[in-house]
Every structure is written in C-alpha cells, then in structure tokens.
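> Dropping in input-v4.pdb, which is PDB, C-alpha atoms:
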ATOM      1  CA  MET A 124       7.318  31.339   0.218
ATOM      2  CA  PHE A 125       5.278  30.971  -2.942
ATOM      3  CA  ARG A 126       8.420  30.995  -5.076
ATOM      4  CA  ALA A 127       9.924  28.315  -2.877
ATOM      5  CA  LEU A 128       6.828  26.140  -3.367
ATOM      6  CA  VAL A 129       6.848  26.622  -7.129
ATOM      7  CA  ASN A 130      10.544  25.824  -7.164
ATOM      8  CA  PHE A 131       9.968  22.653  -5.113
ATOM      9  CA  TYR A 132       7.184  21.572  -7.454
ATOM     10  CA  HIS A 133       9.332  22.007 -10.549
ATOM     11  CA  ARG A 134      12.224  20.166  -8.979
ATOM     12  CA  LEU A 135       9.991  17.210  -8.126
ATOM     13  CA  GLY A 136       8.812  17.189 -11.719
ATOM     14  CA  SER A 137      12.392  16.870 -12.927
ATOM     15  CA  PRO A 138      13.511  13.217 -13.049
ATOM     16  CA  PRO A 139      17.096  13.548 -11.745
ATOM     17  CA  HIS A 140      15.948  15.692  -8.819
ATOM     18  CA  PHE A 141      13.104  13.355  -7.972
ATOM     19  CA  TYR A 142      15.516  10.434  -8.128
ATOM     20  CA  ARG A 143      17.956  12.126  -5.757
ATOM     21  CA  ILE A 144      15.411  13.465  -3.254
ATOM     22  CA  SER A 145      13.429  10.219  -3.076
ATOM     23  CA  GLY A 146      16.654   8.299  -2.505
ATOM     24  CA  LYS A 147      17.200  10.318   0.668
ATOM     25  CA  TRP A 148      13.623   9.892   1.904
ATOM     26  CA  ILE A 149      13.115   6.167   1.328
ATOM     27  CA  PRO A 150      15.311   4.752   4.158
ATOM     28  CA  TRP A 151      13.746   7.141   6.690
ATOM     29  CA  LEU A 152      10.161   6.404   5.688
ATOM     30  CA  ILE A 153      10.654   2.628   5.643
ATOM     31  CA  GLY A 154      12.691   2.696   8.868
ATOM     32  CA  ILE A 155      10.102   4.743  10.798
ATOM     33  CA  ALA A 156       7.262   2.603   9.422
ATOM     34  CA  LEU A 157       8.920  -0.674  10.461
ATOM     35  CA  VAL A 158       9.610   0.614  13.999
ATOM     36  CA  MET A 159       5.978   1.755  14.310
ATOM     37  CA  ILE A 160       4.712  -1.598  13.015
ATOM     38  CA  ALA A 161       6.861  -3.401  15.600
ATOM     39  CA  ILE A 162       5.409  -1.179  18.354
ATOM     40  CA  GLY A 163       1.827  -1.452  17.108
ATOM     41  CA  TRP A 164       1.870  -5.223  16.737
ATOM     42  CA  THR A 165       3.664  -5.834  20.074
ATOM     43  CA  TRP A 166       1.135  -3.634  21.829
ATOM     44  CA  GLY A 167      -1.784  -5.212  19.993
ATOM     45  CA  LEU A 168      -0.673  -8.814  20.531
ATOM     46  CA  ILE A 169       0.645  -8.612  24.108
ATOM     47  CA  PHE A 170      -0.486  -5.501  25.985
ATOM     48  CA  ALA A 171      -3.981  -4.843  24.616
ATOM     49  CA  PRO A 172      -6.629  -6.632  26.712
ATOM     50  CA  THR A 173      -8.595  -9.642  25.469
ATOM     51  CA  ASP A 174     -11.966  -8.742  23.968
ATOM     52  CA  TYR A 175     -14.883  -9.999  26.074
ATOM     53  CA  GLU A 176     -16.910 -11.034  23.030
ATOM     54  CA  GLN A 177     -14.322 -12.141  20.473
ATOM     55  CA  GLY A 178     -11.527 -13.359  22.748
ATOM     56  CA  ASP A 179      -8.064 -13.088  21.236
ATOM     57  CA  ALA A 180      -9.312 -13.499  17.647
ATOM     58  CA  TYR A 181     -10.000  -9.750  17.572
ATOM     59  CA  ARG A 182      -6.217  -9.122  17.515
ATOM     60  CA  ILE A 183      -6.389  -9.581  13.736
ATOM     61  CA  ILE A 184      -7.838  -6.043  13.798
ATOM     62  CA  TYR A 185      -4.255  -4.676  13.927
ATOM     63  CA  ILE A 186      -3.737  -6.016  10.405
ATOM     64  CA  HIS A 187      -7.185  -5.949   8.926
ATOM     65  CA  VAL A 188      -8.334  -2.403   9.671
ATOM     66  CA  PRO A 189      -5.093  -0.559   8.804
ATOM     67  CA  ALA A 190      -4.782  -2.644   5.612
ATOM     68  CA  ALA A 191      -8.366  -1.774   4.645
ATOM     69  CA  TRP A 192      -7.778   1.930   5.374
ATOM     70  CA  LEU A 193      -4.633   1.893   3.287
ATOM     71  CA  SER A 194      -6.308   0.028   0.421
ATOM     72  CA  MET A 195      -8.664   3.010   0.031
ATOM     73  CA  PHE A 196      -6.075   5.700   0.844
ATOM     74  CA  ALA A 197      -3.690   4.313  -1.795
ATOM     75  CA  TYR A 198      -6.486   4.308  -4.354
ATOM     76  CA  VAL A 199      -7.291   7.975  -3.723
ATOM     77  CA  CYS A 200      -3.569   8.785  -4.038
ATOM     78  CA  MET A 201      -3.378   6.853  -7.310
ATOM     79  CA  ALA A 202      -6.470   8.595  -8.703
ATOM     80  CA  ALA A 203      -5.185  12.040  -7.628
ATOM     81  CA  ALA A 204      -1.869  11.384  -9.390
ATOM     82  CA  GLY A 205      -3.789  10.102 -12.413
ATOM     83  CA  ALA A 206      -5.871  13.295 -12.495
ATOM     84  CA  MET A 207      -2.754  15.460 -12.300
ATOM     85  CA  GLY A 208      -1.263  13.491 -15.169
ATOM     86  CA  LEU A 209      -4.395  13.960 -17.264
ATOM     87  CA  ILE A 210      -4.817  17.671 -16.546
ATOM     88  CA  TRP A 211      -1.232  18.940 -16.622
ATOM     89  CA  ARG A 212       0.316  16.167 -18.726
ATOM     90  CA  MET A 213       2.977  15.712 -16.075
ATOM     91  CA  LYS A 214       5.149  12.709 -16.778
ATOM     92  CA  MET A 215       6.001  12.373 -13.097
ATOM     93  CA  ALA A 216       2.323  12.202 -12.138
ATOM     94  CA  GLU A 217       1.792   9.366 -14.614
ATOM     95  CA  VAL A 218       4.701   7.496 -13.045
ATOM     96  CA  MET A 219       3.217   8.009  -9.579
ATOM     97  CA  ALA A 220      -0.241   6.828 -10.638
ATOM     98  CA  VAL A 221       0.857   3.537 -12.151
ATOM     99  CA  THR A 222       3.347   2.662  -9.408
ATOM    100  CA  ALA A 223       0.739   3.049  -6.637
ATOM    101  CA  ALA A 224      -1.297   0.160  -8.085
ATOM    102  CA  PRO A 225       0.808  -2.887  -7.059
ATOM    103  CA  ILE A 226       1.125  -1.570  -3.494
ATOM    104  CA  GLY A 227      -2.604  -0.886  -3.283
ATOM    105  CA  ALA A 228      -3.299  -4.359  -4.660
ATOM    106  CA  GLY A 229      -1.015  -5.907  -2.024
ATOM    107  CA  PHE A 230      -2.793  -4.191   0.863
ATOM    108  CA  THR A 231      -6.257  -4.848  -0.587
ATOM    109  CA  PHE A 232      -5.330  -8.531  -0.778
ATOM    110  CA  LEU A 233      -4.144  -8.318   2.847
ATOM    111  CA  ALA A 234      -7.406  -6.687   3.961
ATOM    112  CA  LEU A 235      -9.432  -9.408   2.214
ATOM    113  CA  ALA A 236      -7.259 -12.311   3.437
ATOM    114  CA  SER A 237      -7.082 -11.122   7.063
ATOM    115  CA  GLY A 238     -10.816 -10.393   7.026
ATOM    116  CA  SER A 239     -11.497 -13.878   5.734
ATOM    117  CA  ILE A 240      -9.321 -15.443   8.463
ATOM    118  CA  TRP A 241     -11.101 -13.317  11.069
ATOM    119  CA  GLY A 242     -14.522 -14.094   9.629
ATOM    120  CA  LYS A 243     -14.134 -17.864   9.883
ATOM    121  CA  PRO A 244     -14.139 -18.116  13.716
ATOM    122  CA  MET A 245     -16.490 -15.129  14.229
ATOM    123  CA  TRP A 246     -19.088 -15.523  11.472
ATOM    124  CA  GLY A 247     -18.505 -19.210  10.751
ATOM    125  CA  THR A 248     -17.601 -18.595   7.107
ATOM    126  CA  TRP A 249     -14.549 -17.523   5.118
ATOM    127  CA  TRP A 250     -16.549 -15.458   2.655
ATOM    128  CA  VAL A 251     -20.032 -14.030   2.053
ATOM    129  CA  TRP A 252     -21.214 -11.752  -0.742
ATOM    130  CA  ASP A 253     -21.750  -8.976   1.757
ATOM    131  CA  ALA A 254     -21.662  -5.388   0.400
ATOM    132  CA  ARG A 255     -18.448  -4.438   2.221
ATOM    133  CA  LEU A 256     -16.610  -7.590   1.156
ATOM    134  CA  THR A 257     -17.819  -7.408  -2.433
ATOM    135  CA  SER A 258     -16.913  -3.736  -2.899
ATOM    136  CA  GLU A 259     -13.449  -4.391  -1.436
ATOM    137  CA  LEU A 260     -13.027  -7.262  -3.920
ATOM    138  CA  VAL A 261     -13.998  -4.847  -6.722
ATOM    139  CA  LEU A 262     -11.225  -2.560  -5.434
ATOM    140  CA  LEU A 263      -8.713  -5.398  -5.878
ATOM    141  CA  PHE A 264      -9.918  -5.912  -9.454
ATOM    142  CA  LEU A 265      -9.587  -2.168 -10.144
ATOM    143  CA  TYR A 266      -5.954  -2.266  -9.019
ATOM    144  CA  LEU A 267      -5.289  -5.364 -11.112
ATOM    145  CA  GLY A 268      -7.042  -3.668 -14.047
ATOM    146  CA  VAL A 269      -4.730  -0.663 -13.788
ATOM    147  CA  ILE A 270      -1.666  -2.948 -13.764
ATOM    148  CA  ALA A 271      -2.935  -4.995 -16.720
ATOM    149  CA  LEU A 272      -3.861  -1.910 -18.735
ATOM    150  CA  ASP A 273      -0.434  -0.394 -18.177
ATOM    151  CA  ASN A 274       1.254  -3.626 -19.283
ATOM    152  CA  ALA A 275      -0.943  -3.943 -22.365
ATOM    153  CA  ILE A 276      -0.062  -0.562 -23.913
ATOM    154  CA  GLU A 277       3.396  -0.154 -25.409
ATOM    155  CA  ASP A 278       3.498   3.673 -25.664
ATOM    156  CA  ARG A 279       4.224   5.036 -22.166
ATOM    157  CA  ARG A 280       2.313   8.307 -22.618
ATOM    158  CA  ILE A 281      -0.835   6.622 -23.932
ATOM    159  CA  ALA A 282      -0.586   4.030 -21.159
ATOM    160  CA  GLY A 283      -0.303   6.864 -18.635
ATOM    161  CA  ARG A 284      -3.452   8.497 -19.946
ATOM    162  CA  ALA A 285      -5.424   5.234 -20.010
ATOM    163  CA  VAL A 286      -4.355   4.385 -16.463
ATOM    164  CA  GLY A 287      -5.344   7.886 -15.293
ATOM    165  CA  ILE A 288      -8.827   7.537 -16.741
ATOM    166  CA  LEU A 289      -9.407   4.058 -15.291
ATOM    167  CA  ALA A 290      -8.134   5.185 -11.867
ATOM    168  CA  LEU A 291     -10.464   8.199 -11.912
ATOM    169  CA  VAL A 292     -13.536   6.230 -12.975
ATOM    170  CA  GLY A 293     -12.866   3.693 -10.206
ATOM    171  CA  VAL A 294     -12.971   6.378  -7.497
ATOM    172  CA  VAL A 295     -16.752   5.898  -7.418
ATOM    173  CA  ASN A 296     -16.076   2.626  -5.591
ATOM    174  CA  ILE A 297     -14.411   4.353  -2.618
ATOM    175  CA  PRO A 298     -17.537   5.925  -1.045
ATOM    176  CA  ILE A 299     -19.383   2.693  -1.818
ATOM    177  CA  ILE A 300     -16.856   0.738   0.278
ATOM    178  CA  HIS A 301     -16.951   3.325   3.044
ATOM    179  CA  TYR A 302     -20.740   3.559   3.377
ATOM    180  CA  SER A 303     -21.519  -0.056   2.465
ATOM    181  CA  VAL A 304     -21.914  -1.072   6.108
ATOM    182  CA  GLN A 305     -24.564   1.606   6.579
ATOM    183  CA  TRP A 306     -26.370   1.399   3.232
ATOM    184  CA  TRP A 307     -26.712  -2.383   3.202
ATOM    185  CA  TYR A 308     -26.779  -3.908   6.615
ATOM    186  CA  THR A 309     -25.733  -7.492   6.056
ATOM    187  CA  LEU A 310     -22.881  -9.207   7.879
ATOM    188  CA  HIS A 311     -19.871  -6.914   8.176
ATOM    189  CA  GLN A 312     -19.986  -4.826  11.352
ATOM    190  CA  GLY A 313     -20.302  -1.047  11.295
ATOM    191  CA  PRO A 314     -17.539   1.445  12.110
ATOM    192  CA  THR A 315     -15.765   0.900  15.437
ATOM    193  CA  VAL A 316     -13.202   3.673  15.769
ATOM    194  CA  THR A 317     -15.608   6.582  15.199
ATOM    195  CA  LYS A 318     -18.312   5.019  17.372
ATOM    196  CA  PHE A 319     -18.452   6.939  20.625
ATOM    197  CA  SER A 320     -21.651   5.532  22.108
ATOM    198  CA  SER A 321     -21.424   2.457  24.338
ATOM    199  CA  PRO A 322     -19.995  -0.066  23.683
ATOM    200  CA  SER A 323     -17.070   1.810  22.171
ATOM    201  CA  ILE A 324     -13.488   0.686  21.774
ATOM    202  CA  TYR A 325     -11.192   0.653  24.843
ATOM    203  CA  TRP A 326      -8.264   3.133  24.650
ATOM    204  CA  SER A 327      -5.585   0.452  25.076
ATOM    205  CA  MET A 328      -7.064  -1.363  22.069
ATOM    206  CA  LEU A 329      -7.477   1.853  20.087
ATOM    207  CA  VAL A 330      -3.974   3.344  20.426
ATOM    208  CA  PRO A 331      -2.128   0.450  18.705
ATOM    209  CA  LEU A 332      -4.763   0.515  15.964
ATOM    210  CA  LEU A 333      -4.070   4.190  15.255
ATOM    211  CA  ILE A 334      -0.305   3.548  15.406
ATOM    212  CA  MET A 335      -0.752   0.796  12.810
ATOM    213  CA  GLY A 336      -2.886   3.023  10.606
ATOM    214  CA  ILE A 337      -0.179   5.704  10.495
ATOM    215  CA  ALA A 338       2.596   3.084  10.182
ATOM    216  CA  PHE A 339       0.997   1.524   7.092
ATOM    217  CA  MET A 340       0.582   4.969   5.508
ATOM    218  CA  ILE A 341       4.251   5.831   6.059
ATOM    219  CA  PHE A 342       5.204   2.377   4.748
ATOM    220  CA  PHE A 343       3.108   3.069   1.665
ATOM    221  CA  ALA A 344       4.870   6.405   1.122
ATOM    222  CA  GLY A 345       8.272   4.689   1.246
ATOM    223  CA  ALA A 346       7.263   1.761  -0.961
ATOM    224  CA  TRP A 347       5.616   4.161  -3.431
ATOM    225  CA  LEU A 348       8.798   6.227  -3.765
ATOM    226  CA  MET A 349      10.827   3.026  -4.275
ATOM    227  CA  ARG A 350       8.630   1.922  -7.155
ATOM    228  CA  ALA A 351       8.306   5.411  -8.673
ATOM    229  CA  ARG A 352      12.090   5.767  -8.593
ATOM    230  CA  ASN A 353      12.469   2.462 -10.437
ATOM    231  CA  GLU A 354       9.877   3.332 -13.050
ATOM    232  CA  LEU A 355      11.561   6.688 -13.644
ATOM    233  CA  LEU A 356      14.964   5.067 -14.047
ATOM    234  CA  ARG A 357      13.522   2.487 -16.427
ATOM    235  CA  ARG A 358      11.882   5.122 -18.629
ATOM    236  CA  GLU A 359      14.911   7.407 -18.636
ATOM    237  CA  ALA A 360      17.539   4.672 -18.899
ATOM    238  CA  SER A 361      19.062   6.146 -22.059
ATOM    239  CA  LYS A 362      19.191   9.717 -20.695
ATOM    240  CA  ARG A 363      22.476  11.198 -19.622
ATOM    241  CA  TRP A 364      21.600  11.671 -15.946
ATOM    242  CA  ALA A 365      20.693   7.989 -15.615
ATOM    243  CA  ARG A 366      23.845   6.769 -17.351
ATOM    244  CA  GLU A 367      26.030   9.011 -15.214
ATOM    245  CA  LEU A 368      24.665   7.738 -11.895
ATOM    246  CA  PRO A 369      27.460   6.318  -9.730
ATOM    247  CA  GLU A 370      25.391   3.155  -9.121
ATOM    248  CA  ALA A 371      25.172   2.550 -12.892
ATOM    249  CA  SER A 372      28.907   2.621 -13.538
TER     250      SER A 372
ATOM    251  CA  MET B  17       1.340 -15.383  30.922
ATOM    252  CA  SER B  18       3.359 -18.306  29.581
ATOM    253  CA  LEU B  19       4.690 -18.531  26.050
ATOM    254  CA  THR B  20       2.465 -21.484  25.108
ATOM    255  CA  GLU B  21      -0.538 -19.596  26.426
ATOM    256  CA  PHE B  22       0.488 -16.575  24.350
ATOM    257  CA  LEU B  23       0.896 -18.698  21.216
ATOM    258  CA  ARG B  24      -2.492 -20.361  21.805
ATOM    259  CA  MET B  25      -4.250 -16.947  21.647
ATOM    260  CA  GLY B  26      -7.162 -18.262  23.665
ATOM    261  CA  GLY B  27      -7.741 -21.038  21.125
ATOM    262  CA  TYR B  28      -7.571 -18.737  18.086
ATOM    263  CA  GLY B  29      -3.801 -19.173  17.581
ATOM    264  CA  GLY B  30      -4.106 -20.690  14.104
ATOM    265  CA  TYR B  31      -6.209 -17.791  12.854
ATOM    266  CA  VAL B  32      -4.247 -15.010  14.528
ATOM    267  CA  TRP B  33      -0.776 -16.281  13.570
ATOM    268  CA  SER B  34      -1.667 -17.113   9.990
ATOM    269  CA  ALA B  35      -3.063 -13.581   9.580
ATOM    270  CA  TYR B  36       0.149 -12.077  10.999
ATOM    271  CA  GLY B  37       2.189 -14.405   8.790
ATOM    272  CA  ILE B  38       0.416 -13.249   5.639
ATOM    273  CA  ALA B  39       0.768  -9.608   6.714
ATOM    274  CA  THR B  40       4.513 -10.024   7.222
ATOM    275  CA  ALA B  41       4.827 -11.727   3.821
ATOM    276  CA  VAL B  42       3.003  -8.842   2.105
ATOM    277  CA  LEU B  43       5.254  -6.258   3.790
ATOM    278  CA  VAL B  44       8.438  -8.178   2.916
ATOM    279  CA  TRP B  45       7.298  -8.598  -0.688
ATOM    280  CA  GLN B  46       6.539  -4.870  -0.967
ATOM    281  CA  LEU B  47      10.183  -4.185  -0.112
ATOM    282  CA  THR B  48      12.023  -7.013  -1.890
ATOM    283  CA  ALA B  49      10.168  -6.675  -5.212
ATOM    284  CA  PRO B  50      11.249  -3.042  -5.884
ATOM    285  CA  ILE B  51      14.792  -3.748  -4.602
ATOM    286  CA  ALA B  52      15.164  -6.653  -7.056
ATOM    287  CA  HIS B  53      13.633  -4.563  -9.844
ATOM    288  CA  ARG B  54      16.102  -1.747  -9.205
ATOM    289  CA  ARG B  55      19.035  -4.179  -9.479
ATOM    290  CA  ARG B  56      17.737  -5.435 -12.824
ATOM    291  CA  ILE B  57      17.351  -1.906 -14.228
ATOM    292  CA  LEU B  58      20.838  -0.834 -13.122
ATOM    293  CA  LYS B  59      22.327  -3.999 -14.600
ATOM    294  CA  GLN B  60      20.612  -3.243 -17.908
ATOM    295  CA  ILE B  61      21.988   0.311 -17.992
ATOM    296  CA  LYS B  62      25.494  -0.986 -17.278
ATOM    297  CA  ARG B  63      25.235  -3.636 -19.977
ATOM    298  CA  ARG B  64      24.093  -1.090 -22.538
ATOM    299  CA  LYS B  65      26.959   1.239 -21.639
ATOM    300  CA  ARG B  66      29.492  -1.580 -22.037
ATOM    301  CA  ARG B  67      28.074  -2.572 -25.393
ATOM    302  CA  GLU B  68      28.265   1.001 -26.671
ATOM    303  CA  SER B  69      31.814   1.599 -25.478
ATOM    304  CA  ARG B  70      32.946  -1.608 -27.251
ATOM    305  CA  ARG B  71      31.438  -0.393 -30.508
ATOM    306  CA  GLN B  72      33.386   2.870 -30.477
TER     307      GLN B  72
END
Now that the file is in, can you turn its structure into structure tokens?

Amino acid sequence: MFRALVNFYHRLGSPPHFYRISGKWIPWLIGIALVMIAIGWTWGLIFAPTDYEQGDAYRIIYIHVPAAWLSMFAYVCMAAAGAMGLIWRMKMAEVMAVTAAPIGAGFTFLALASGSIWGKPMWGTWWVWDARLTSELVLLFLYLGVIALDNAIEDRRIAGRAVGILALVGVVNIPIIHYSVQWWYTLHQGPTVTKFSSPSIYWSMLVPLLIMGIAFMIFFAGAWLMRARNELLRREASKRWARELPEAS
Amino acid sequence: MSLTEFLRMGGYGGYVWSAYGIATAVLVWQLTAPIAHRRRILKQIKRRKRRESRRQ
C-alpha cells in the first residue's frame, strides 16, 4: 500500500505521466461538473421556493456562495502547492501553484460581481467597504499579484519560488474573509448554511446550494488540470516526450 | 407558472439573469482559454520540429 502511494506520487511528479493521467481525468471532471451545475441551477431557479424576505432575488445565492467558497478553496490549494514547491523543490508543485491563480481570480471576480448584483436590490447599493467585501477584493488582488509576479520573472524556477512565497503570505487573508462577518458586523450577513437556529435555511433551498458547491470544486479540479497540463507542455516543449506526442506531429 | 412569470423572477429578473449570464461567461472562459492555449503550444512544437527537420 505504502509502496503504491510512493509510486503514484513519483509518477505524478514525472511530466509525461502527469500529462497522460491528467488527459484521462479532464473530460470526466468537466463533464460531471457541468451536469451537476445544470442540476443545481435548474433546481435553484425553478424548484426551490421563493424566499419570503428576498423574493426571487435570493436565487443569485446559487452562484454567489459557491463562487465565494471556491475563491477561498482555490487559494488554499494554490498556497499548499506553493509550499510543496518551496519545501521539496518539486517542479510539478510550482506548475500547480501558478496555474491555480487565473481560475481563482475568475471565481473571485464572479463572487464579487454576483454579490454586487445581489446587493443592489437588497441593500440598495452595488458596493460598500464592508469587511467581507473588502477582504474578498484583497483576495482578487492577491491572485492578480501571483499572475503578474509569474509573468514578470523570466527564470521559471525563480518565478516558481517567488509565486510560492507570495501565495503563502497571502493565506493570512483566508481566515480574515471567513470570520469577517463575525469580527466586524457591518452589512454583509452572517453564515447561513451552518446556522441551525431559527430562521435557518429550508432543505429544498439548501440541497441545490450544496450541489453547486461540489460542482464548482469538481469544475475547478478539471480546469486546474487543463491549465497545469498546458504549462507543463510549454515548459517541456523541447523535451523528447513532448515532441513525440501524437498530437504534436 | 408561465414562462414570462419565470423570466420576471418576481421583479428581480434583470438582477438574477445578469448574474447567471456573468456566471456562464466565467465558466465558458475557464474552458475556452486553456483549450486555445493548448492549440497554440502544440502549433509551436510542430513548427519547431518542421524547422529543425528542414535544417538537417
């Protein structure tokens, strides 16, 4: 068992194996994610009941909350990969760290944009400098910082190290985002899903939300592998395994 | 429930549908961007191989 794990780990660290294995996984991950998104959104838009306080505007929750969860989840993944790259000098971990950033940035943007659209009819404003909103905006800038830093440094190994350090330092923002609604009570509402006292969320509203949360995570896994595969191919373009790929002939 | 009623979203249609529109755009972009990038990389590898075989 242990040998099998070690073997698996080494194979993932080897570029041609990673390229081959990820190529098999990507269509499944993206396919399952898209089916789950279709189910989650259909349920959320049609079958979930109308909220008695917010009317149908609350249906934005099926975008906003899973996008916000993923924006933090992707950051932790990026920082973990960055740490592995720094500690064990794994090239593959550096590739994983830098390729998580554009996906995280996309979903952070989505969380901010959908929150803004939801905030307008409910709070009467598109934006306030509330602690939750501000810390989520900082998260977007951290992602953009990682992308910019990686583009600015020519040497791939030095870029990998710099990105790893920035990603790790930025982790401090994650608990700030999470607890912001409790530490500074301003405008953004507190947690809904883990609130069990009355009024708590109705099951038919909750199930599609959880489906969407898992769907976005699986989508992220697929999109991450797509980008990591590209980055690997780009870095190893002059290696024999890359030149001998059937798709490159 | 009629279709127009569904699209109205109790008066919040503009907000709800624009949010879902942006979400769809982000998802589509997250798939098309790496697919296009992959094509570019493969094309570059092919071009380099052609150039080298001509030189020999």
> Using all atoms listed in the file, select each residue of chain A with any atom at most 9 Å away from an atom of chain B, and give the selection as a ChimeraX atom specification.
/A:153,168-169,173,178-183,186-187,190,225-226,229-230,232-233,236-238,240-241,243-244,342,346,349-350,352-354,356-357,360-361,365-366,370-372
> Taking every listed atom of range 228-238 of chain A and adding 8 Å to each side, what centre and edge lengths in Å (one decimal) does the axis-aligned box have, as lines of an AutoDock Vina configuration file?

center_x = -5.9
center_y = -8.3
center_z = 1.2
size_x = 25.8
size_y = 24.1
size_z = 27.7
> Could you work out how far CA of Ile288 in chain A lies from CA of Ala206 in chain A, giving the answer in Å with one decimal?
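Calculated distance between CA of Ala206 in chain A and CA of Ile288 in chain A is 7.7 Å.
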> Could you please determine the separation between CA of Ile162 in chain A and CA of Ala338 in chain A in Å, to one decimal place?
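Result for CA of Ile162 in chain A versus CA of Ala338 in chain A: 9.6 Å, one decimal.
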> Apply the PyMOL selection byres ((chain A and resi 339) around 8) to the structure shown and report the selected residues as a PyMOL selection string.
chain A and resi 156+160+189-190+193+335-338+340-343
> Can you measure CA of Leu256 in chain A to CA of Ile324 in chain A for me? One decimal in Å is fine.
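Going from CA of Leu256 in chain A over to CA of Ile324 in chain A covers 22.4 Å.
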> Could you list, as a VMD selection string, every residue matched by the PyMOL selection byres ((chain A and resi 133-142) around 10) in this structure?
chain A and resid 127 to 132 143 to 147 213 to 216 348 to 349 351 to 353 355 to 356 358 to 359 362 to 365 368
> Using all atoms listed in the file, can you tell me which of A:Val221, A:Thr257, A:Leu333, A:Leu272 comes closest to Ala204 in chain A?
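Result for the nearest residue to Ala204 in chain A: A:Val221.
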> Would you kindly place N, CA and C atoms on range 45-58 of chain B and return the model as a PDB file, in the frame of the given file?

ATOM      1  N   TRP B  45       7.375  -8.607   0.779  1.00  0.00           N
ATOM      2  CA  TRP B  45       7.298  -8.598  -0.688  1.00  0.00           C
ATOM      3  C   TRP B  45       7.279  -7.163  -1.229  1.00  0.00           C
ATOM      4  N   GLN B  46       6.596  -6.262  -0.515  1.00  0.00           N
ATOM      5  CA  GLN B  46       6.539  -4.870  -0.967  1.00  0.00           C
ATOM      6  C   GLN B  46       7.902  -4.196  -0.918  1.00  0.00           C
ATOM      7  N   LEU B  47       8.828  -4.757  -0.152  1.00  0.00           N
ATOM      8  CA  LEU B  47      10.183  -4.185  -0.112  1.00  0.00           C
ATOM      9  C   LEU B  47      11.125  -4.915  -1.055  1.00  0.00           C
ATOM     10  N   THR B  48      11.058  -6.258  -1.076  1.00  0.00           N
ATOM     11  CA  THR B  48      12.023  -7.013  -1.890  1.00  0.00           C
ATOM     12  C   THR B  48      11.747  -6.868  -3.384  1.00  0.00           C
ATOM     13  N   ALA B  49      10.481  -6.775  -3.773  1.00  0.00           N
ATOM     14  CA  ALA B  49      10.168  -6.675  -5.212  1.00  0.00           C
ATOM     15  C   ALA B  49      10.794  -5.420  -5.836  1.00  0.00           C
ATOM     16  N   PRO B  50      10.599  -4.210  -5.268  1.00  0.00           N
ATOM     17  CA  PRO B  50      11.249  -3.042  -5.884  1.00  0.00           C
ATOM     18  C   PRO B  50      12.769  -3.062  -5.784  1.00  0.00           C
ATOM     19  N   ILE B  51      13.320  -3.680  -4.714  1.00  0.00           N
ATOM     20  CA  ILE B  51      14.792  -3.748  -4.602  1.00  0.00           C
ATOM     21  C   ILE B  51      15.349  -4.614  -5.730  1.00  0.00           C
ATOM     22  N   ALA B  52      14.704  -5.760  -5.986  1.00  0.00           N
ATOM     23  CA  ALA B  52      15.164  -6.653  -7.056  1.00  0.00           C
ATOM     24  C   ALA B  52      14.998  -5.977  -8.419  1.00  0.00           C
ATOM     25  N   HIS B  53      13.890  -5.252  -8.577  1.00  0.00           N
ATOM     26  CA  HIS B  53      13.633  -4.563  -9.844  1.00  0.00           C
ATOM     27  C   HIS B  53      14.720  -3.518 -10.116  1.00  0.00           C
ATOM     28  N   ARG B  54      15.069  -2.788  -9.075  1.00  0.00           N
ATOM     29  CA  ARG B  54      16.102  -1.747  -9.205  1.00  0.00           C
ATOM     30  C   ARG B  54      17.427  -2.350  -9.651  1.00  0.00           C
ATOM     31  N   ARG B  55      17.786  -3.510  -9.070  1.00  0.00           N
ATOM     32  CA  ARG B  55      19.035  -4.179  -9.479  1.00  0.00           C
ATOM     33  C   ARG B  55      18.996  -4.527 -10.962  1.00  0.00           C
ATOM     34  N   ARG B  56      17.850  -5.044 -11.416  1.00  0.00           N
ATOM     35  CA  ARG B  56      17.737  -5.435 -12.824  1.00  0.00           C
ATOM     36  C   ARG B  56      17.915  -4.224 -13.745  1.00  0.00           C
ATOM     37  N   ILE B  57      17.275  -3.103 -13.381  1.00  0.00           N
ATOM     38  CA  ILE B  57      17.351  -1.906 -14.228  1.00  0.00           C
ATOM     39  C   ILE B  57      18.786  -1.395 -14.295  1.00  0.00           C
ATOM     40  N   LEU B  58      19.458  -1.329 -13.134  1.00  0.00           N
ATOM     41  CA  LEU B  58      20.838  -0.834 -13.122  1.00  0.00           C
ATOM     42  C   LEU B  58      21.756  -1.743 -13.937  1.00  0.00           C
TER      43      LEU B  58
END
